[in-house]
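Enquirer: Pasting a structure below so you can have a look.
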Amino acid sequence: VTSQAPPEAVLVMKGANDSQRMVLDKKKVERWSEGWVAEYTRRVRSVIGAIREAGSEVYWAGMPVMKHTRHQRTAAVVNAILQAEAAAE
């Protein structure tokens with residue numbers, strides 16, 4: 001989001017490359033674990049907050065159906081997080 005005239009709306013699509021572990025506090029967190037979901041949710045909220053703080057509306061595009069099972073599972077988890085956060089707004 002720009003510091004000049006912010007856009008009226010921002011379309012966000014993320015998650016296509018997110019079927020991997022995270023490193024939090026120097027510890028590996030396995031993908032789709034409770035810790036992974038909590039951190040991913042925190043990051044989604046952070047993005048939403050930054051966009052809204054700039055004065056823009058946020059629109060999330062869910063991830064499409066993926067060919068590989070691992071990527072499809074990530075898509076399902078990410079889409080559930082995005083749906084829950086959108087419903088909370």
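Numbering starts fresh at 1 for the residues of each chain in the structure tokens, the chains themselves are lettered A, B, ... in the order given, and ligands are numbered from 1 as they appear.
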Residues of stretch 36-79 of chain A that have any atom at most 12 Å from an atom of stretch 14-21 of chain A: could you tabulate them with the shortest-distance atom pair and the distance in Å to one decimal, using only C-alpha atoms, ordered by chain and increasing number, as a tab-separated table?

Expert:
```
residue	atom	partner	partner_atom	distance
A:Trp36	CA	A:Arg21	CA	7.6
A:Val37	CA	A:Arg21	CA	10.9
A:Glu39	CA	A:Arg21	CA	11.1
A:Tyr40	CA	A:Asp18	CA	9.4
A:Thr41	CA	A:Gly15	CA	11.8
A:Arg43	CA	A:Lys14	CA	11.1
A:Val44	CA	A:Lys14	CA	9.4
A:Val47	CA	A:Lys14	CA	10.8
A:Tyr59	CA	A:Lys14	CA	11.6
A:Trp60	CA	A:Lys14	CA	8.5
A:Ala61	CA	A:Lys14	CA	8.0
A:Gly62	CA	A:Lys14	CA	8.0
A:Met63	CA	A:Gly15	CA	7.0
A:Pro64	CA	A:Ala16	CA	8.9
A:Val65	CA	A:Ala16	CA	10.4
A:Met66	CA	A:Ala16	CA	8.9
A:Lys67	CA	A:Ala16	CA	11.6
A:His68	CA	A:Ser19	CA	11.0
A:Thr69	CA	A:Ser19	CA	10.6
A:Arg70	CA	A:Ser19	CA	7.0
A:His71	CA	A:Ser19	CA	6.2
A:Gln72	CA	A:Ser19	CA	9.1
A:Arg73	CA	A:Ser19	CA	8.3
A:Thr74	CA	A:Ser19	CA	5.5
A:Ala75	CA	A:Gly15	CA	6.8
A:Ala76	CA	A:Gly15	CA	10.0
A:Val77	CA	A:Gly15	CA	9.5
A:Val78	CA	A:Gly15	CA	6.5
A:Asn79	CA	A:Gly15	CA	8.6
```

Enquirer: Could you write those residues out with N, CA and C atoms, as a PDB file, in the first residue's frame?

Expert:
```pdb
ATOM      1  N   TRP A  36       1.610 -23.464  13.190  1.00  0.00           N
ATOM      2  CA  TRP A  36       1.671 -22.939  11.833  1.00  0.00           C
ATOM      3  C   TRP A  36       0.405 -22.148  11.518  1.00  0.00           C
ATOM      4  N   VAL A  37      -0.747 -22.740  11.846  1.00  0.00           N
ATOM      5  CA  VAL A  37      -2.034 -22.071  11.592  1.00  0.00           C
ATOM      6  C   VAL A  37      -2.120 -20.775  12.394  1.00  0.00           C
ATOM      7  N   GLU A  39       0.346 -18.829  13.446  1.00  0.00           N
ATOM      8  CA  GLU A  39       1.247 -17.830  12.877  1.00  0.00           C
ATOM      9  C   GLU A  39       0.744 -17.334  11.522  1.00  0.00           C
ATOM     10  N   TYR A  40       0.241 -18.223  10.718  1.00  0.00           N
ATOM     11  CA  TYR A  40      -0.297 -17.823   9.414  1.00  0.00           C
ATOM     12  C   TYR A  40      -1.476 -16.866   9.619  1.00  0.00           C
ATOM     13  N   THR A  41      -2.332 -17.183  10.571  1.00  0.00           N
ATOM     14  CA  THR A  41      -3.467 -16.320  10.885  1.00  0.00           C
ATOM     15  C   THR A  41      -2.984 -14.956  11.350  1.00  0.00           C
ATOM     16  N   ARG A  43      -0.247 -13.480  10.535  1.00  0.00           N
ATOM     17  CA  ARG A  43       0.285 -12.779   9.360  1.00  0.00           C
ATOM     18  C   ARG A  43      -0.841 -12.245   8.471  1.00  0.00           C
ATOM     19  N   VAL A  44      -1.895 -13.026   8.305  1.00  0.00           N
ATOM     20  CA  VAL A  44      -3.048 -12.568   7.526  1.00  0.00           C
ATOM     21  C   VAL A  44      -3.658 -11.333   8.180  1.00  0.00           C
ATOM     22  N   VAL A  47      -1.538  -8.270   7.494  1.00  0.00           N
ATOM     23  CA  VAL A  47      -1.725  -7.744   6.147  1.00  0.00           C
ATOM     24  C   VAL A  47      -3.038  -6.967   6.067  1.00  0.00           C
ATOM     25  N   TYR A  59      -9.861  -7.219  -0.290  1.00  0.00           N
ATOM     26  CA  TYR A  59     -10.566  -8.341  -0.907  1.00  0.00           C
ATOM     27  C   TYR A  59      -9.582  -9.488  -1.048  1.00  0.00           C
ATOM     28  N   TRP A  60      -9.955 -10.648  -0.514  1.00  0.00           N
ATOM     29  CA  TRP A  60      -9.105 -11.828  -0.595  1.00  0.00           C
ATOM     30  C   TRP A  60      -9.634 -12.750  -1.675  1.00  0.00           C
ATOM     31  N   ALA A  61      -8.754 -13.254  -2.509  1.00  0.00           N
ATOM     32  CA  ALA A  61      -9.104 -14.285  -3.484  1.00  0.00           C
ATOM     33  C   ALA A  61      -8.602 -15.601  -2.918  1.00  0.00           C
ATOM     34  N   GLY A  62      -9.502 -16.539  -2.749  1.00  0.00           N
ATOM     35  CA  GLY A  62      -9.103 -17.851  -2.235  1.00  0.00           C
ATOM     36  C   GLY A  62      -8.215 -18.570  -3.232  1.00  0.00           C
ATOM     37  N   MET A  63      -7.501 -19.542  -2.736  1.00  0.00           N
ATOM     38  CA  MET A  63      -6.623 -20.321  -3.601  1.00  0.00           C
ATOM     39  C   MET A  63      -7.444 -21.281  -4.438  1.00  0.00           C
ATOM     40  N   PRO A  64      -7.028 -21.530  -5.671  1.00  0.00           N
ATOM     41  CA  PRO A  64      -7.755 -22.467  -6.533  1.00  0.00           C
ATOM     42  C   PRO A  64      -7.465 -23.916  -6.142  1.00  0.00           C
ATOM     43  N   VAL A  65      -8.178 -24.830  -6.754  1.00  0.00           N
ATOM     44  CA  VAL A  65      -7.904 -26.253  -6.566  1.00  0.00           C
ATOM     45  C   VAL A  65      -6.512 -26.524  -7.133  1.00  0.00           C
ATOM     46  N   MET A  66      -5.726 -27.261  -6.375  1.00  0.00           N
ATOM     47  CA  MET A  66      -4.353 -27.548  -6.774  1.00  0.00           C
ATOM     48  C   MET A  66      -4.229 -29.011  -7.218  1.00  0.00           C
ATOM     49  N   LYS A  67      -3.297 -29.275  -8.115  1.00  0.00           N
ATOM     50  CA  LYS A  67      -3.117 -30.617  -8.666  1.00  0.00           C
ATOM     51  C   LYS A  67      -2.524 -31.590  -7.643  1.00  0.00           C
ATOM     52  N   HIS A  68      -1.494 -31.157  -6.925  1.00  0.00           N
ATOM     53  CA  HIS A  68      -0.794 -32.050  -6.005  1.00  0.00           C
ATOM     54  C   HIS A  68      -1.455 -32.036  -4.628  1.00  0.00           C
ATOM     55  N   THR A  69      -1.514 -33.178  -4.005  1.00  0.00           N
ATOM     56  CA  THR A  69      -2.192 -33.345  -2.721  1.00  0.00           C
ATOM     57  C   THR A  69      -1.655 -32.403  -1.657  1.00  0.00           C
ATOM     58  N   ARG A  70      -0.344 -32.269  -1.552  1.00  0.00           N
ATOM     59  CA  ARG A  70       0.251 -31.401  -0.529  1.00  0.00           C
ATOM     60  C   ARG A  70      -0.189 -29.958  -0.737  1.00  0.00           C
ATOM     61  N   HIS A  71      -0.176 -29.507  -1.984  1.00  0.00           N
ATOM     62  CA  HIS A  71      -0.567 -28.129  -2.274  1.00  0.00           C
ATOM     63  C   HIS A  71      -2.074 -27.940  -2.072  1.00  0.00           C
ATOM     64  N   GLN A  72      -2.863 -28.972  -2.392  1.00  0.00           N
ATOM     65  CA  GLN A  72      -4.302 -28.870  -2.178  1.00  0.00           C
ATOM     66  C   GLN A  72      -4.623 -28.790  -0.690  1.00  0.00           C
ATOM     67  N   ARG A  73      -3.889 -29.527   0.125  1.00  0.00           N
ATOM     68  CA  ARG A  73      -4.121 -29.444   1.570  1.00  0.00           C
ATOM     69  C   ARG A  73      -3.779 -28.043   2.082  1.00  0.00           C
ATOM     70  N   THR A  74      -2.676 -27.484   1.618  1.00  0.00           N
ATOM     71  CA  THR A  74      -2.322 -26.114   2.000  1.00  0.00           C
ATOM     72  C   THR A  74      -3.405 -25.149   1.551  1.00  0.00           C
ATOM     73  N   ALA A  75      -3.895 -25.315   0.325  1.00  0.00           N
ATOM     74  CA  ALA A  75      -4.956 -24.437  -0.180  1.00  0.00           C
ATOM     75  C   ALA A  75      -6.181 -24.510   0.720  1.00  0.00           C
ATOM     76  N   ALA A  76      -6.556 -25.698   1.146  1.00  0.00           N
ATOM     77  CA  ALA A  76      -7.720 -25.855   2.017  1.00  0.00           C
ATOM     78  C   ALA A  76      -7.506 -25.173   3.367  1.00  0.00           C
ATOM     79  N   VAL A  77      -6.319 -25.344   3.943  1.00  0.00           N
ATOM     80  CA  VAL A  77      -6.007 -24.721   5.233  1.00  0.00           C
ATOM     81  C   VAL A  77      -5.975 -23.194   5.102  1.00  0.00           C
ATOM     82  N   VAL A  78      -5.293 -22.698   4.082  1.00  0.00           N
ATOM     83  CA  VAL A  78      -5.188 -21.255   3.873  1.00  0.00           C
ATOM     84  C   VAL A  78      -6.566 -20.660   3.592  1.00  0.00           C
ATOM     85  N   ASN A  79      -7.351 -21.301   2.740  1.00  0.00           N
ATOM     86  CA  ASN A  79      -8.687 -20.791   2.442  1.00  0.00           C
ATOM     87  C   ASN A  79      -9.570 -20.756   3.682  1.00  0.00           C
TER      88      ASN A  79
END
```

Enquirer: Could you pull out the strand (DSSP E or B) residues of chain A from DSSP and send them as a list in words?

Expert: Ala9, Val10, Leu11, Val12, Met22, Val23, Leu24, Lys27, Lys28, Val29, Glu57, Val58, Tyr59 and Trp60 of chain A

Enquirer: Hey, can you check how far atom CA of A:Gln83 sits from atom CA of A:Ser56?

Expert: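 Result for atom CA of A:Gln83 versus atom CA of A:Ser56: 19.0 Å, one decimal.
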
Enquirer: Could you jot down the atom CA of A:Val58 to atom CA of A:Leu11 separation for me, Å, one decimal place?

Expert: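 That distance, rounded to one decimal, is 6.2 Å.
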
Enquirer: Choose the residue, out of A:Ala86, A:Ala38, A:Val23, A:Ile81, that has the smallest atom-to-atom separation from A:Glu57; count only C-alpha atoms.

Expert: A:Ala86

Enquirer: Just list as a PyMOL selection string whatever in chain A DSSP marks as helix (DSSP H, G or I).

Expert: chain A and resi 34-53+69-88

Enquirer: Work out how far apart atom CA of A:Lys26 and atom CA of A:Met13 are and give it in Å to one decimal.

Expert: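 Separation between atom CA of A:Lys26 and atom CA of A:Met13: 27.5 Å.
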